[in-house]
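Written below as structure tokens is the structure these notes are about.
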Amino acid sequence: MKTKFLKYTMLFAGVLTLFSSCKKYLDVTSPSTTAPEVAFESTTYTNSVLIGIYSRLCGDYGYGIRVSLYFPQTADDFRTSGDYSSTDRRGISMYGASPDNADLSNTFLNFYTGIERANIAIKYIPASKLYSNGTASEKTLLQTYYGEALALRAQFYYELIRNWGDVPAPFIPAADQTELAQPNANRDATYDQILADLKTAEGLVPWRSENPSYGDFRFTKGAIKGLRARVALARGGYSLRTETHKMERRADYMTYYKIAYDECLDLIGRRGEHSLNPVYENIFKSLHTTTRYDDAHELMFEVASYGANASTDSKLGYYDGLNYSNSPSYGTAGGGVNAIPTYFYEFDQIGDCRRDVTIGSYMVNNLDQKILVIPTSQTDAKFRKSWTGISGTTTAQNFSINWPILRFADVLLMYAEADNEINGSPSAKAIDALNEIKARAYVGFTSRIPNTPTDHDGFFNAIVKERLLEFGGEGVRKFDLIRWNLINSKFTETRTKLTQFMNGEGPYQNLPAVVFVNGVAFKNGTSTAEVAGMDLYGGAPNTVLFQPNITTTRPSAYSTSVNWRSAVSVDNITGNAKGFATYFEANKKELFPYPTTALVQNINLKQNYGY
């Protein structure tokens with residue numbers, strides 16, 4: 001009992017470890033040795049506890065890099081760069097991670113630390129005298145904090161389940177548990193609990209407009225409702241089952257589609273709280289600075305990063321993002337997450353503005369020039385050092401770029417998907433929701449917007465395609481494919497497309513084998529303007545990259561030859577070191593292995609099938 005008490009005391013001391021400063025969080029002071037019975041009798045101290053829970057979202061072991069950039073790879077949009085190793089991020093990206101992979105173990109522990117902190121808050125906040133007998137403002141604050149704690153615990157569990165499956169699920173503090181080594185819990189039961197918790201939380205936490213100080217960096221009612229819809233679709237979707245070792249969804253899945261439908265419909269009816277940003281690029285620029293370009297509040301919940309350290313900041317834009325190589329103005333950054341070469345051609349050739357925001361088809365070199373890169377070196381470009389206020393000459397790896405967890409665009413597409421499933425075909429309102437996303441993407445080119453099918457299967461396939469285009473590089477696609485049970489077939493399809501790309505066949509038969517380019521000044525303008533302004537022999541990229549070579553001999557006026565279609569080889573498709581999801585095995589690798597350290601510390605935890 002003394003051991004458990006000491007562990008509890010240490011954990012609670014961790015709960016009250018606060019952020020020293022943050023451009024995007026409330027400034028607080030930490031009474032780090034205060035007992036829980038005292039801490040929750042103060043709204044200030046309770047707020048400190050909540051900040052301590054939020055802190056588990058950011059940093060290297062949260063969405064600062066691992067959960068945002070390692071865990072969601074690979075899908076048919078992006079993968080991590082480099083050659084395979086089972087014990088690092090490339091093992092994750094190629095579906096060959098071993099239980100000894102430290103990138104998995106540290107995050108696994110980090111999220112359970114967050115859950116323990118949330119469990120403590122969830123126990124003590126309602127027991128506080130202020131919760132039931134305080135002033136009106138004190139009761140309102142503590143109810144909000146209680147709702148936030150429930151939502152944070154739900155977020156941690158959602159992330160653990162979608163990566164590991166039937167994870168242990170303690171819902172009380174460690175000090176109150178009779179057995180600390182808890183076994184794998186049925187994920188359906190855990191999902192049902194957090195769905196109920198989120199329903200409670202949305203009744204306690206105010207809307208964004210009622211508490212503007214929270215911004216998009218703490219849970220508001222809209223963000224909680226959106227998270228509940230997302231969890232409901234995961235609960236109603238397919239997952240790799242422990243009992244059968246098969247991808248299955250439960251017979252009652254429609255119940256959960258109805259939850260998602262209801263939550264999203266409510267949000268769609270409250271456009272004063274959240275709506276679509278009219279400029280797609282501005283959503284992501286808003287993640288980079290204190291200047292916000294998102295008056296519509298499309299960004300509903302994001303992980304705030306600050307402090308230039310591994311614990312509270314992110315490596316977004318440094319590890320991944322647009323590639324800068326010894327640029328005098330922007331230094332060196334980006335390039336760690338690469339586009340699947342065929343992803344570039346999923347977008348409309350001319351009309352879809354999302355392509356050039358999402359995919360970095362050029363790099364910025366040591367002359368501050370942009371220059372086309374080979375298809376296998378294209379990057380995720382929604383994160384860019386040049387969009388921050390960070391000096392280009394700094395060698396720092398932290399740029400205080402936030403990670404977007406939930407956008408209103410997702411609400412519209414979740415609604416459309418749920419409506420189609422429930423009704424057997426899309427309603428007019430569901431079609432409008434999908435078309436609203438398309439209309440934003442095709443601003444200035446509305447005549448090129450693809451027609452929207454009105455039958456169930458056609459509309460579902462349109463949703464599958466639209467989510468690929470809308471959320472590229474945001475850590476969404478892999479988990480969409482899993483819950484739809486499409487990951488294996490999409491991987492097969494992508495390998496076929498890559499082979500066609502390499503051979504100049506099918507939809508890729510008119511692509512150039514090589515492109516001749518000159519470097520041209522990078523102006524840090526809009527994404528579409530920067531791509532259009534590249535100097536390619538034969539015209540603009542929207543022409544040159546979609547037509548056969550005019551010549552295979554480099555013209556004298558062009559300094560560089562860039563392999564295009566010829567850059568893709570068999571090694572990029574099926575190779576052991578560089579291949580596309582080489583080690584994926586259907587009905588085995590949809591989930592990660594439990595870390596060896598977790599198995600050693602918890603003798604009741606069983607390893608996932610296939611490891």
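Each chain in the structure tokens gets a letter, A, B and so on, in the order shown; residues start at 1 in every chain, and ligands are counted from 1 in the order they appear.
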
I need the alpha helix (DSSP H) residues of region 459-564 of chain A per DSSP on the backbone, written as JSON, numbers by chain. {"A": [459, 460, 461, 462, 463, 464, 465, 466, 467, 468, 469, 470, 477, 478, 479, 480, 481, 482, 483, 487, 488, 489, 490, 491, 492, 493, 494, 495, 496, 497, 498, 499, 500, 501, 502, 503, 527, 528, 529, 530, 531, 532, 541, 542, 543, 544]}

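Neighbouring residues of Tyr583 (chain A) at 8 Å or closer, counting only C-alpha atoms and skipping chain neighbours under 2 positions away, are Met94, Tyr95, Gly96, Ala581 and Glu585 of chain A.
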
Can you pull out the residues contacting Gly351 (chain A)? Cut-off 9 Å, using only C-alpha atoms, and skip same-chain residues under 4 positions away; I want them as a list of chain:residue names. A:Phe347, A:Ala441, A:Tyr442, A:Val443, A:Gly444, A:Phe445, A:Thr446, A:Ser447, A:Arg448, A:Ile449

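By chain and then residue number, the residues within 12 Å of Trp207 (chain A) are Thr144, Ala201, Glu202, Gly203, Leu204, Glu210, Asn211, Pro212, Ser213, Tyr214, Gly215, Asp216, Arg218, Phe219, Thr220, Lys221, Gly222, Ala223, Ile224, Lys225, Leu267, Arg270, Arg271, Gly272, Glu273, His274, His297 and Met300 of chain A, counting only C-alpha atoms and disregarding those fewer than 3 positions away in sequence.
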
Give me, as an mmCIF file with C-alpha atoms, in the first residue's frame, all polymer residues having an atom no more than 10 Å from Gly504 (chain A), counting only C-alpha atoms and skipping those fewer than 4 positions away in the same chain.
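Output file result_17.cif is given in full below:
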data_model
loop_
_atom_site.group_PDB
_atom_site.id
_atom_site.type_symbol
_atom_site.label_atom_id
_atom_site.label_comp_id
_atom_site.auth_asym_id
_atom_site.auth_seq_id
_atom_site.Cartn_x
_atom_site.Cartn_y
_atom_site.Cartn_z
ATOM 1 C CA LEU A 498 3.098 3.185 -58.973
ATOM 2 C CA THR A 499 3.973 0.435 -61.452
ATOM 3 C CA GLN A 500 1.943 2.194 -64.135
ATOM 4 C CA TYR A 508 0.277 8.026 -66.452
ATOM 5 C CA GLN A 509 1.105 7.277 -70.074
ATOM 6 C CA ASN A 510 1.520 10.936 -71.008
ATOM 7 C CA LEU A 511 3.792 11.948 -68.143
ATOM 8 C CA PRO A 512 7.323 13.142 -68.918
ATOM 9 C CA ALA A 513 10.193 10.836 -68.075
ATOM 10 C CA PRO A 548 5.098 13.737 -72.794
ATOM 11 C CA ARG A 565 8.448 9.380 -64.219
ATOM 12 C CA SER A 566 11.833 7.685 -64.517
#

Between CA of Asn524 (chain A) and CA of Thr395 (chain A), what is the spacing in Å? 20.2 Å

Name the residues in contact with Thr46 (chain A) at a cut-off of 9 Å, using only C-alpha atoms, excluding same-chain residues fewer than 5 positions from it; report them as a ChimeraX atom specification. /A:16,39-41,51,121,125,142,145

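Of the residues listed (A:Ser55, A:Thr342, A:Asn602, A:Lys139), A:Thr342 shows the shortest atom-to-atom separation from Glu493 (chain A); distances use only C-alpha atoms.
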
Residues of region 279-329 of chain A within 10 Å of region 455-473 of chain A: nearest atom pair and distance (Å, one decimal) for each, counting only C-alpha atoms, sorted by chain and number, as a Markdown table?
| residue | atom | partner | partner_atom | distance |
| --- | --- | --- | --- | --- |
| A:Tyr280 | CA | A:Glu470 | CA | 9.4 |
| A:Asp320 | CA | A:Gly473 | CA | 9.7 |
| A:Gly321 | CA | A:Gly473 | CA | 9.3 |

With a distance cut-off of 6 Å and only C-alpha atoms, select the neighbouring residues of region 525-540 of chain A, excluding the residue or stretch itself and same-chain residues fewer than 2 positions from it, and output the selection as a short mmCIF file (atom, residue, chain, number, x, y, z; two decimals) with all heavy atoms, in the first residue's frame.
data_model
loop_
_atom_site.label_atom_id
_atom_site.label_comp_id
_atom_site.auth_asym_id
_atom_site.auth_seq_id
_atom_site.Cartn_x
_atom_site.Cartn_y
_atom_site.Cartn_z
N ASP A 356 -1.33 22.15 -54.23
CA ASP A 356 -0.09 22.89 -54.02
C ASP A 356 0.09 23.35 -52.58
O ASP A 356 1.20 23.72 -52.19
CB ASP A 356 -0.01 24.08 -54.98
CG ASP A 356 0.01 23.62 -56.43
OD1 ASP A 356 0.42 22.47 -56.69
OD2 ASP A 356 -0.41 24.40 -57.31
N VAL A 357 -0.99 23.33 -51.80
CA VAL A 357 -0.87 23.55 -50.35
C VAL A 357 -0.37 22.27 -49.68
O VAL A 357 0.47 22.31 -48.78
CB VAL A 357 -2.22 23.97 -49.75
CG1 VAL A 357 -2.12 24.12 -48.23
CG2 VAL A 357 -2.72 25.26 -50.38
N PHE A 516 13.16 19.46 -67.46
CA PHE A 516 14.30 20.36 -67.46
C PHE A 516 13.90 21.66 -66.77
O PHE A 516 12.86 22.26 -67.10
CB PHE A 516 14.76 20.63 -68.90
CG PHE A 516 15.02 19.36 -69.67
CD1 PHE A 516 14.13 18.93 -70.65
CD2 PHE A 516 16.11 18.57 -69.36
CE1 PHE A 516 14.35 17.76 -71.33
CE2 PHE A 516 16.34 17.38 -70.04
CZ PHE A 516 15.46 16.97 -71.03
N VAL A 517 14.71 22.07 -65.81
CA VAL A 517 14.30 23.17 -64.94
C VAL A 517 15.45 24.15 -64.68
O VAL A 517 16.63 23.79 -64.81
CB VAL A 517 13.78 22.65 -63.58
CG1 VAL A 517 12.68 21.63 -63.77
CG2 VAL A 517 14.90 22.04 -62.77
N ASN A 518 15.07 25.34 -64.32
CA ASN A 518 15.99 26.34 -63.77
C ASN A 518 15.49 26.72 -62.38
O ASN A 518 14.27 26.73 -62.13
CB ASN A 518 16.03 27.60 -64.63
CG ASN A 518 16.90 27.46 -65.85
OD1 ASN A 518 17.91 26.77 -65.83
ND2 ASN A 518 16.50 28.09 -66.95
N LYS A 523 9.53 33.39 -53.45
CA LYS A 523 8.99 34.65 -52.93
C LYS A 523 8.11 34.46 -51.70
O LYS A 523 7.59 35.44 -51.17
CB LYS A 523 8.20 35.35 -54.04
CG LYS A 523 9.04 35.69 -55.28
CD LYS A 523 8.20 36.33 -56.37
CE LYS A 523 9.05 36.65 -57.60
NZ LYS A 523 8.24 37.25 -58.69
N ASN A 542 1.56 22.88 -64.55
CA ASN A 542 0.27 22.27 -64.88
C ASN A 542 0.17 21.84 -66.33
O ASN A 542 -0.77 21.15 -66.72
CB ASN A 542 -0.87 23.23 -64.54
CG ASN A 542 -1.15 23.30 -63.05
OD1 ASN A 542 -0.67 22.46 -62.29
ND2 ASN A 542 -1.89 24.30 -62.63
N THR A 543 1.14 22.26 -67.12
CA THR A 543 1.24 21.78 -68.51
C THR A 543 2.33 20.73 -68.62
O THR A 543 2.09 19.60 -69.06
CB THR A 543 1.54 22.95 -69.46
OG1 THR A 543 0.48 23.90 -69.41
CG2 THR A 543 1.71 22.45 -70.89
N VAL A 544 3.54 21.07 -68.21
CA VAL A 544 4.71 20.23 -68.43
C VAL A 544 4.59 18.88 -67.73
O VAL A 544 4.96 17.83 -68.30
CB VAL A 544 5.98 20.96 -67.96
CG1 VAL A 544 7.21 20.05 -68.06
CG2 VAL A 544 6.19 22.23 -68.77
#

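Distances from A:Leu276, A:Ala339, A:Ile92, A:Ile401 to Leu316 (chain A) were compared using only C-alpha atoms, and the smallest one belongs to A:Ile401.
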
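Nearest residue to Thr107 (chain A) among A:Tyr594, A:Tyr146, A:Tyr343, A:Tyr319 is A:Tyr594, counting only C-alpha atoms.
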
DSSP strand (DSSP E or B) selection over region 378-610 of chain A, as a ChimeraX atom specification: /A:379-380,403-407,514-518,520-521,535-536,539,560-563

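Using only C-alpha atoms, the smallest distance between any of A:Thr80, A:Ser98, A:Ser400, A:Thr244 and His288 (chain A) comes from A:Ser400.
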
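For the pair CA of Lys478 (chain A) and CA of Gln182 (chain A), the interatomic distance is 28.5 Å.
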